[in-house]
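Reproduced below: query_19.txt, with compact mmCIF, N, CA and C atoms.
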# COMPACT_ATOMS: atom_id res chain seq x y z
N MET N 183 -8.58 7.67 4.19
CA MET N 183 -7.96 8.95 3.98
C MET N 183 -7.24 8.93 2.65
N THR N 184 -7.63 9.76 1.71
CA THR N 184 -6.93 9.89 0.45
C THR N 184 -6.02 11.10 0.54
N THR N 185 -4.75 10.88 0.28
CA THR N 185 -3.76 11.93 0.42
C THR N 185 -3.51 12.58 -0.93
N THR N 186 -3.68 13.90 -1.00
CA THR N 186 -3.35 14.63 -2.21
C THR N 186 -2.35 15.73 -1.93
N ALA N 187 -2.28 16.22 -0.71
CA ALA N 187 -1.33 17.27 -0.35
C ALA N 187 -0.16 16.64 0.40
N LEU N 188 1.02 17.19 0.15
CA LEU N 188 2.21 16.70 0.82
C LEU N 188 2.59 17.59 1.98
N ASP N 189 3.05 17.00 3.04
CA ASP N 189 3.66 17.73 4.14
C ASP N 189 4.91 18.39 3.58
N THR N 190 5.07 19.68 3.77
CA THR N 190 6.21 20.38 3.18
C THR N 190 7.47 20.24 4.01
N THR N 191 7.38 19.61 5.18
CA THR N 191 8.55 19.38 6.00
C THR N 191 8.74 17.89 6.18
N GLY N 192 9.95 17.46 6.38
CA GLY N 192 10.22 16.06 6.67
C GLY N 192 10.26 15.19 5.43
N PRO N 193 10.60 13.92 5.64
CA PRO N 193 10.72 12.97 4.53
C PRO N 193 9.39 12.71 3.85
N LYS N 194 9.47 12.39 2.58
CA LYS N 194 8.29 12.05 1.77
C LYS N 194 8.35 10.58 1.40
N VAL N 195 7.19 9.98 1.28
CA VAL N 195 7.09 8.63 0.75
C VAL N 195 6.95 8.78 -0.76
N ARG N 196 7.79 8.05 -1.49
CA ARG N 196 7.80 8.12 -2.95
C ARG N 196 7.61 6.73 -3.53
N LEU N 197 6.80 6.67 -4.59
CA LEU N 197 6.59 5.42 -5.33
C LEU N 197 7.27 5.53 -6.68
N ARG N 198 7.80 4.42 -7.13
CA ARG N 198 8.42 4.39 -8.46
C ARG N 198 7.33 4.07 -9.48
N LEU N 199 7.07 5.06 -10.35
CA LEU N 199 6.06 4.92 -11.39
C LEU N 199 6.68 5.27 -12.73
N ASP N 200 6.68 4.33 -13.64
CA ASP N 200 7.24 4.55 -14.98
C ASP N 200 8.66 5.10 -14.92
N GLY N 201 9.46 4.59 -13.99
CA GLY N 201 10.86 4.98 -13.88
C GLY N 201 11.13 6.23 -13.06
N ASP N 202 10.11 6.95 -12.67
CA ASP N 202 10.27 8.17 -11.87
C ASP N 202 9.81 7.92 -10.44
N TRP N 203 10.43 8.61 -9.48
CA TRP N 203 10.02 8.54 -8.08
C TRP N 203 9.03 9.68 -7.82
N VAL N 204 7.77 9.32 -7.56
CA VAL N 204 6.68 10.28 -7.39
C VAL N 204 6.33 10.39 -5.91
N PRO N 205 6.38 11.62 -5.34
CA PRO N 205 5.97 11.77 -3.93
C PRO N 205 4.46 11.58 -3.79
N VAL N 206 4.06 10.80 -2.75
CA VAL N 206 2.64 10.53 -2.55
C VAL N 206 2.11 10.99 -1.20
N CYS N 207 2.97 11.07 -0.19
CA CYS N 207 2.52 11.55 1.12
C CYS N 207 3.74 11.80 1.99
N GLY N 208 3.54 12.52 3.06
CA GLY N 208 4.61 12.70 4.04
C GLY N 208 4.77 11.45 4.87
N LEU N 209 6.00 11.11 5.20
CA LEU N 209 6.26 9.91 6.01
C LEU N 209 5.54 10.01 7.35
N SER N 210 5.40 11.22 7.87
CA SER N 210 4.76 11.41 9.17
C SER N 210 3.27 11.07 9.16
N THR N 211 2.65 10.94 7.98
CA THR N 211 1.22 10.59 7.92
C THR N 211 0.97 9.10 8.13
N LEU N 212 2.03 8.29 8.08
CA LEU N 212 1.87 6.84 8.21
C LEU N 212 2.03 6.39 9.65
N LEU N 213 1.14 5.51 10.08
CA LEU N 213 1.21 4.89 11.39
C LEU N 213 1.34 3.38 11.17
N PRO N 214 2.19 2.70 11.93
CA PRO N 214 2.33 1.25 11.76
C PRO N 214 0.98 0.54 11.82
N GLY N 215 0.74 -0.30 10.82
CA GLY N 215 -0.48 -1.08 10.79
C GLY N 215 -1.70 -0.38 10.22
N ARG N 216 -1.56 0.90 9.87
CA ARG N 216 -2.68 1.67 9.31
C ARG N 216 -2.32 2.12 7.91
N GLY N 217 -3.20 1.96 6.97
CA GLY N 217 -2.93 2.34 5.60
C GLY N 217 -3.37 3.76 5.29
N VAL N 218 -2.78 4.29 4.23
CA VAL N 218 -3.14 5.60 3.69
C VAL N 218 -3.38 5.41 2.19
N ALA N 219 -4.47 5.94 1.68
CA ALA N 219 -4.73 5.92 0.25
C ALA N 219 -4.09 7.15 -0.37
N ALA N 220 -3.30 6.92 -1.41
CA ALA N 220 -2.63 8.03 -2.10
C ALA N 220 -3.09 8.07 -3.54
N LEU N 221 -3.47 9.26 -3.99
CA LEU N 221 -3.90 9.46 -5.36
C LEU N 221 -2.67 9.52 -6.26
N LEU N 222 -2.67 8.73 -7.33
CA LEU N 222 -1.55 8.66 -8.26
C LEU N 222 -1.92 9.37 -9.56
N PRO N 223 -0.93 9.71 -10.36
CA PRO N 223 -1.22 10.29 -11.67
C PRO N 223 -2.15 9.38 -12.46
N GLY N 224 -3.08 9.95 -13.19
CA GLY N 224 -4.02 9.17 -13.98
C GLY N 224 -5.23 8.70 -13.19
N GLY N 225 -5.32 9.07 -11.91
CA GLY N 225 -6.49 8.73 -11.12
C GLY N 225 -6.42 7.41 -10.37
N ARG N 226 -5.34 6.65 -10.54
CA ARG N 226 -5.20 5.41 -9.77
C ARG N 226 -4.94 5.75 -8.30
N GLN N 227 -5.07 4.75 -7.45
CA GLN N 227 -4.77 4.93 -6.03
C GLN N 227 -3.84 3.83 -5.57
N ALA N 228 -2.96 4.18 -4.64
CA ALA N 228 -2.11 3.19 -3.98
C ALA N 228 -2.47 3.16 -2.51
N ALA N 229 -2.37 2.00 -1.91
CA ALA N 229 -2.51 1.83 -0.47
C ALA N 229 -1.09 1.75 0.09
N VAL N 230 -0.74 2.69 0.95
CA VAL N 230 0.63 2.80 1.47
C VAL N 230 0.62 2.44 2.95
N PHE N 231 1.59 1.62 3.35
CA PHE N 231 1.67 1.12 4.72
C PHE N 231 3.11 1.20 5.23
N THR N 232 3.26 1.27 6.54
CA THR N 232 4.54 1.05 7.19
C THR N 232 4.31 0.05 8.32
N ASP N 233 5.36 -0.69 8.65
CA ASP N 233 5.24 -1.62 9.76
C ASP N 233 6.00 -1.08 10.97
N ARG N 234 6.04 -1.83 12.04
CA ARG N 234 6.68 -1.36 13.28
C ARG N 234 8.18 -1.18 13.14
N THR N 235 8.79 -1.82 12.14
CA THR N 235 10.23 -1.66 11.92
C THR N 235 10.54 -0.48 11.00
N GLY N 236 9.50 0.14 10.44
CA GLY N 236 9.69 1.27 9.54
C GLY N 236 9.74 0.90 8.07
N ARG N 237 9.59 -0.38 7.77
CA ARG N 237 9.59 -0.79 6.36
C ARG N 237 8.32 -0.29 5.69
N LEU N 238 8.47 0.20 4.47
CA LEU N 238 7.35 0.74 3.70
C LEU N 238 6.86 -0.26 2.67
N TYR N 239 5.55 -0.20 2.42
CA TYR N 239 4.91 -1.04 1.41
C TYR N 239 3.89 -0.20 0.66
N ALA N 240 3.69 -0.53 -0.62
CA ALA N 240 2.64 0.14 -1.39
C ALA N 240 2.09 -0.85 -2.41
N ILE N 241 0.78 -1.00 -2.41
CA ILE N 241 0.08 -1.85 -3.37
C ILE N 241 -1.08 -1.05 -3.94
N ASP N 242 -1.67 -1.58 -5.00
CA ASP N 242 -2.86 -0.94 -5.56
C ASP N 242 -3.95 -0.92 -4.50
N ASN N 243 -4.72 0.14 -4.44
CA ASN N 243 -5.76 0.27 -3.42
C ASN N 243 -7.07 -0.43 -3.82
N ARG N 244 -7.19 -0.82 -5.08
CA ARG N 244 -8.45 -1.42 -5.55
C ARG N 244 -8.50 -2.91 -5.22
N ASP N 245 -9.55 -3.31 -4.54
CA ASP N 245 -9.80 -4.72 -4.23
C ASP N 245 -10.28 -5.39 -5.52
N PRO N 246 -9.51 -6.35 -6.06
CA PRO N 246 -9.91 -6.95 -7.33
C PRO N 246 -11.17 -7.81 -7.25
N PHE N 247 -11.59 -8.19 -6.06
CA PHE N 247 -12.79 -9.01 -5.91
C PHE N 247 -14.06 -8.17 -5.94
N THR N 248 -13.98 -6.91 -5.54
CA THR N 248 -15.17 -6.06 -5.50
C THR N 248 -15.06 -4.82 -6.39
N GLY N 249 -13.84 -4.44 -6.75
CA GLY N 249 -13.63 -3.23 -7.53
C GLY N 249 -13.58 -1.96 -6.69
N ALA N 250 -13.79 -2.08 -5.41
CA ALA N 250 -13.80 -0.91 -4.53
C ALA N 250 -12.37 -0.54 -4.11
N ALA N 251 -12.11 0.75 -3.99
CA ALA N 251 -10.80 1.25 -3.57
C ALA N 251 -10.76 1.30 -2.04
N VAL N 252 -10.45 0.13 -1.42
CA VAL N 252 -10.58 0.01 0.04
C VAL N 252 -9.40 -0.66 0.73
N LEU N 253 -8.41 -1.16 0.00
CA LEU N 253 -7.37 -1.93 0.66
C LEU N 253 -6.60 -1.12 1.70
N SER N 254 -6.51 0.19 1.52
CA SER N 254 -5.82 1.02 2.51
C SER N 254 -6.53 1.00 3.87
N ARG N 255 -7.79 0.59 3.88
CA ARG N 255 -8.57 0.53 5.13
C ARG N 255 -8.61 -0.86 5.75
N GLY N 256 -7.86 -1.79 5.15
CA GLY N 256 -7.87 -3.16 5.63
C GLY N 256 -7.03 -3.37 6.88
N LEU N 257 -7.18 -4.54 7.47
CA LEU N 257 -6.42 -4.92 8.65
C LEU N 257 -5.10 -5.55 8.21
N THR N 258 -4.01 -5.19 8.88
CA THR N 258 -2.71 -5.75 8.54
C THR N 258 -2.34 -6.85 9.51
N GLY N 259 -1.47 -7.72 9.04
CA GLY N 259 -0.99 -8.83 9.87
C GLY N 259 0.15 -9.52 9.16
N THR N 260 0.52 -10.69 9.68
CA THR N 260 1.53 -11.51 9.02
C THR N 260 1.02 -12.95 8.95
N HIS N 261 1.40 -13.63 7.90
CA HIS N 261 1.08 -15.04 7.71
C HIS N 261 2.34 -15.73 7.21
N ARG N 262 2.87 -16.65 8.02
CA ARG N 262 4.12 -17.34 7.68
C ARG N 262 5.23 -16.35 7.35
N GLY N 263 5.28 -15.29 8.15
CA GLY N 263 6.33 -14.29 8.00
C GLY N 263 6.10 -13.29 6.89
N ARG N 264 4.99 -13.38 6.19
CA ARG N 264 4.70 -12.47 5.08
C ARG N 264 3.71 -11.40 5.55
N PRO N 265 4.05 -10.12 5.41
CA PRO N 265 3.11 -9.06 5.79
C PRO N 265 1.96 -9.00 4.80
N PHE N 266 0.75 -8.80 5.31
CA PHE N 266 -0.41 -8.72 4.43
C PHE N 266 -1.39 -7.68 4.92
N VAL N 267 -2.31 -7.32 4.02
CA VAL N 267 -3.48 -6.54 4.39
C VAL N 267 -4.69 -7.36 3.96
N ALA N 268 -5.69 -7.42 4.84
CA ALA N 268 -6.94 -8.11 4.53
C ALA N 268 -7.96 -7.08 4.08
N SER N 269 -8.58 -7.33 2.95
CA SER N 269 -9.61 -6.42 2.46
C SER N 269 -10.70 -6.26 3.51
N PRO N 270 -11.16 -5.03 3.75
CA PRO N 270 -12.23 -4.84 4.73
C PRO N 270 -13.58 -5.36 4.25
N LEU N 271 -13.69 -5.70 2.96
CA LEU N 271 -14.98 -6.16 2.44
C LEU N 271 -15.13 -7.68 2.51
N LEU N 272 -14.34 -8.41 1.76
CA LEU N 272 -14.50 -9.86 1.71
C LEU N 272 -13.38 -10.61 2.43
N LYS N 273 -12.43 -9.87 3.00
CA LYS N 273 -11.37 -10.40 3.86
C LYS N 273 -10.24 -11.16 3.15
N GLN N 274 -10.16 -11.13 1.81
CA GLN N 274 -9.02 -11.74 1.16
C GLN N 274 -7.76 -11.00 1.57
N ARG N 275 -6.66 -11.76 1.73
CA ARG N 275 -5.40 -11.18 2.20
C ARG N 275 -4.44 -10.99 1.03
N PHE N 276 -3.79 -9.82 0.99
CA PHE N 276 -2.85 -9.49 -0.07
C PHE N 276 -1.48 -9.24 0.53
N ASP N 277 -0.48 -9.94 -0.01
CA ASP N 277 0.91 -9.79 0.42
C ASP N 277 1.35 -8.36 0.13
N LEU N 278 1.81 -7.65 1.14
CA LEU N 278 2.20 -6.25 0.96
C LEU N 278 3.47 -6.09 0.15
N ALA N 279 4.32 -7.10 0.12
CA ALA N 279 5.57 -7.00 -0.63
C ALA N 279 5.39 -7.32 -2.12
N THR N 280 4.47 -8.25 -2.43
CA THR N 280 4.34 -8.71 -3.82
C THR N 280 2.99 -8.40 -4.46
N GLY N 281 1.97 -8.14 -3.66
CA GLY N 281 0.62 -7.94 -4.18
C GLY N 281 -0.15 -9.22 -4.41
N ALA N 282 0.47 -10.38 -4.20
CA ALA N 282 -0.20 -11.67 -4.42
C ALA N 282 -1.30 -11.88 -3.38
N CYS N 283 -2.41 -12.43 -3.84
CA CYS N 283 -3.49 -12.78 -2.92
C CYS N 283 -3.13 -14.09 -2.24
N LEU N 284 -3.10 -14.09 -0.93
CA LEU N 284 -2.75 -15.29 -0.17
C LEU N 284 -3.87 -16.32 -0.16
N ASP N 285 -5.08 -15.91 -0.53
CA ASP N 285 -6.23 -16.79 -0.50
C ASP N 285 -6.63 -17.31 -1.87
N ASP N 286 -6.10 -16.71 -2.93
CA ASP N 286 -6.40 -17.14 -4.30
C ASP N 286 -5.18 -16.84 -5.16
N PRO N 287 -4.32 -17.84 -5.40
CA PRO N 287 -3.07 -17.62 -6.11
C PRO N 287 -3.22 -17.05 -7.53
N ALA N 288 -4.41 -17.11 -8.10
CA ALA N 288 -4.63 -16.59 -9.44
C ALA N 288 -4.85 -15.08 -9.45
N VAL N 289 -4.96 -14.47 -8.27
CA VAL N 289 -5.29 -13.04 -8.17
C VAL N 289 -4.14 -12.29 -7.52
N ARG N 290 -3.87 -11.09 -8.03
CA ARG N 290 -2.87 -10.22 -7.41
C ARG N 290 -3.20 -8.77 -7.73
N VAL N 291 -2.64 -7.88 -6.93
CA VAL N 291 -2.74 -6.44 -7.19
C VAL N 291 -1.32 -5.94 -7.46
N ALA N 292 -1.22 -4.79 -8.06
CA ALA N 292 0.10 -4.22 -8.33
C ALA N 292 0.79 -3.90 -7.02
N ALA N 293 2.09 -4.17 -6.97
CA ALA N 293 2.92 -3.77 -5.83
C ALA N 293 3.93 -2.75 -6.37
N TYR N 294 4.14 -1.70 -5.62
CA TYR N 294 5.01 -0.60 -6.06
C TYR N 294 6.30 -0.59 -5.27
N GLU N 295 7.39 -0.23 -5.94
CA GLU N 295 8.63 0.03 -5.25
C GLU N 295 8.44 1.33 -4.49
N VAL N 296 8.85 1.37 -3.24
CA VAL N 296 8.56 2.52 -2.38
C VAL N 296 9.77 2.86 -1.54
N ARG N 297 9.96 4.14 -1.25
CA ARG N 297 11.05 4.59 -0.39
C ARG N 297 10.67 5.93 0.24
N ALA N 298 11.40 6.26 1.29
CA ALA N 298 11.25 7.57 1.93
C ALA N 298 12.50 8.37 1.66
N SER N 299 12.33 9.65 1.32
CA SER N 299 13.47 10.54 1.09
C SER N 299 13.01 11.99 1.19
N HIS N 300 13.96 12.87 1.31
CA HIS N 300 13.64 14.32 1.37
C HIS N 300 13.46 14.87 -0.01
Whole structure given in structure tokens:
Amino acid sequence: MTTTALDTTGPKVRLRLDGDWVPVCGLSTLLPGRGVAALLPGGRQAAVFTDRTGRLYAIDNRDPFTGAAVLSRGLTGTHRGRPFVASPLLKQRFDLATGACLDDPAVRVAAYEVRASH
């Protein structure tokens, strides 16, 4: 699901991009453990997630191993207390807080500062 329209009611999920907080989706569109792809200025995409405690995460949606914009569709989990998403294609796991690949330390995706606000 690529989100381009915002829910006009309720809190918004915002990413910090170039010093500005940019709204990307309504908080109500997020379900724990399920990602949402959000279109960013310039055509980039972010994969946005929330966990069962309500903590928000946002990383680049592009899988660096395949080039496909699919990380928002990956499976989430934890490894040694670190939340991750596994790419649905080749299954590499990416730390949701830092963007680091847990399976190849030389690879990472961008991680975005994220918050919910009205």
Here is a test: counting all atoms listed in the file, which residue of N:Pro246, N:Leu199, N:Gly217, N:Ser269 is nearest to Arg290 (chain N)?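 Of N:Pro246, N:Leu199, N:Gly217, N:Ser269, the one nearest Arg290 (chain N), counting all atoms listed in the file, is N:Pro246.
Residues of protein, DNA or RNA having at least one counted atom within 6.5 Å of (9.0, 15.1, 4.5), given all atoms listed in the file, are Asp189, Thr190, Thr191, Gly192, Pro193, Lys194, Val195, Gly208, Leu209, Ser210, Ser299 and His300 of chain N.
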What does the structure give for the distance between CA of Arg244 (chain N) and CA of Ala279 (chain N), in Å to one decimal?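 Distance between the two atoms: 15.9 Å.
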Skipping near chain neighbours, those fewer than 6 positions away, what residues fall within 9 Å of region 249-262 of chain N using only C-alpha atoms, listed as an MDAnalysis selection string? chainID N and resid 183 215:220 227:231 241:243 268:271 273 275:277 284
What does the distance from CA of Ala240 (chain N) to CA of Asp285 (chain N) come to in Å, to one decimal?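 It comes out at 19.1 Å.
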Starting from the incomplete input, reconstruct all heavy atoms of region 196-207 of chain N and write that as a CSV table (one decimal), keeping the file's coordinate frame.
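Final output, saved to out_2.csv:
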chain,number,residue,atom,x,y,z
N,196,ARG,N,7.8,8.0,-1.5
N,196,ARG,CA,7.8,8.1,-3.0
N,196,ARG,C,7.6,6.7,-3.5
N,196,ARG,O,8.2,5.8,-3.0
N,196,ARG,CB,9.1,8.7,-3.4
N,196,ARG,CG,9.4,10.1,-2.9
N,196,ARG,CD,10.7,10.6,-3.3
N,196,ARG,NE,11.1,11.9,-2.6
N,196,ARG,CZ,10.7,13.1,-3.0
N,196,ARG,NH1,10.0,13.2,-4.1
N,196,ARG,NH2,11.0,14.1,-2.3
N,197,LEU,N,6.8,6.7,-4.6
N,197,LEU,CA,6.6,5.4,-5.3
N,197,LEU,C,7.3,5.5,-6.7
N,197,LEU,O,7.3,6.6,-7.3
N,197,LEU,CB,5.1,5.2,-5.6
N,197,LEU,CG,4.2,5.1,-4.4
N,197,LEU,CD1,2.8,4.7,-4.8
N,197,LEU,CD2,4.7,4.1,-3.3
N,198,ARG,N,7.8,4.4,-7.1
N,198,ARG,CA,8.4,4.4,-8.5
N,198,ARG,C,7.3,4.1,-9.5
N,198,ARG,O,6.7,3.0,-9.5
N,198,ARG,CB,9.5,3.4,-8.5
N,198,ARG,CG,10.3,3.5,-9.8
N,198,ARG,CD,11.5,2.6,-9.7
N,198,ARG,NE,12.3,2.9,-10.9
N,198,ARG,CZ,13.6,2.9,-10.9
N,198,ARG,NH1,14.3,2.6,-9.8
N,198,ARG,NH2,14.3,3.2,-12.0
N,199,LEU,N,7.1,5.1,-10.4
N,199,LEU,CA,6.1,4.9,-11.4
N,199,LEU,C,6.7,5.3,-12.7
N,199,LEU,O,7.2,6.4,-12.9
N,199,LEU,CB,4.9,5.9,-11.1
N,199,LEU,CG,4.1,5.7,-9.8
N,199,LEU,CD1,3.1,6.8,-9.6
N,199,LEU,CD2,3.5,4.3,-9.8
N,200,ASP,N,6.7,4.3,-13.6
N,200,ASP,CA,7.2,4.6,-15.0
N,200,ASP,C,8.7,5.1,-14.9
N,200,ASP,O,9.0,6.0,-15.7
N,200,ASP,CB,6.3,5.5,-15.8
N,200,ASP,CG,4.9,4.9,-16.0
N,200,ASP,OD1,4.8,3.7,-16.1
N,200,ASP,OD2,4.0,5.7,-15.9
N,201,GLY,N,9.5,4.6,-14.0
N,201,GLY,CA,10.9,5.0,-13.9
N,201,GLY,C,11.1,6.2,-13.1
N,201,GLY,O,12.3,6.5,-12.8
N,202,ASP,N,10.1,7.0,-12.7
N,202,ASP,CA,10.3,8.2,-11.9
N,202,ASP,C,9.8,7.9,-10.4
N,202,ASP,O,8.9,7.2,-10.2
N,202,ASP,CB,9.5,9.3,-12.5
N,202,ASP,CG,10.0,9.8,-13.8
N,202,ASP,OD1,11.2,9.8,-14.0
N,202,ASP,OD2,9.1,10.1,-14.7
N,203,TRP,N,10.4,8.6,-9.5
N,203,TRP,CA,10.0,8.5,-8.1
N,203,TRP,C,9.0,9.7,-7.8
N,203,TRP,O,9.4,10.8,-7.9
N,203,TRP,CB,11.2,8.6,-7.1
N,203,TRP,CG,12.0,7.4,-7.2
N,203,TRP,CD1,13.2,7.2,-7.9
N,203,TRP,CD2,11.8,6.2,-6.5
N,203,TRP,NE1,13.6,5.9,-7.7
N,203,TRP,CE2,12.8,5.3,-6.8
N,203,TRP,CE3,10.8,5.8,-5.6
N,203,TRP,CZ2,12.9,4.0,-6.3
N,203,TRP,CZ3,10.8,4.5,-5.1
N,203,TRP,CH2,11.9,3.6,-5.4
N,204,VAL,N,7.8,9.3,-7.6
N,204,VAL,CA,6.7,10.3,-7.4
N,204,VAL,C,6.3,10.4,-5.9
N,204,VAL,O,6.0,9.4,-5.3
N,204,VAL,CB,5.4,9.8,-8.2
N,204,VAL,CG1,4.3,10.8,-8.0
N,204,VAL,CG2,5.8,9.7,-9.7
N,205,PRO,N,6.4,11.6,-5.3
N,205,PRO,CA,6.0,11.8,-3.9
N,205,PRO,C,4.5,11.6,-3.8
N,205,PRO,O,3.7,12.1,-4.6
N,205,PRO,CB,6.4,13.2,-3.6
N,205,PRO,CG,6.5,13.9,-4.9
N,205,PRO,CD,6.8,12.9,-5.9
N,206,VAL,N,4.1,10.8,-2.8
N,206,VAL,CA,2.6,10.5,-2.6
N,206,VAL,C,2.1,11.0,-1.2
N,206,VAL,O,0.9,11.2,-1.1
N,206,VAL,CB,2.3,9.0,-2.8
N,206,VAL,CG1,2.5,8.7,-4.2
N,206,VAL,CG2,3.1,8.1,-1.9
N,207,CYS,N,3.0,11.1,-0.2
N,207,CYS,CA,2.5,11.6,1.1
N,207,CYS,C,3.7,11.8,2.0
N,207,CYS,O,4.8,11.3,1.7
N,207,CYS,CB,1.6,10.6,1.8
N,207,CYS,SG,2.3,9.0,2.3
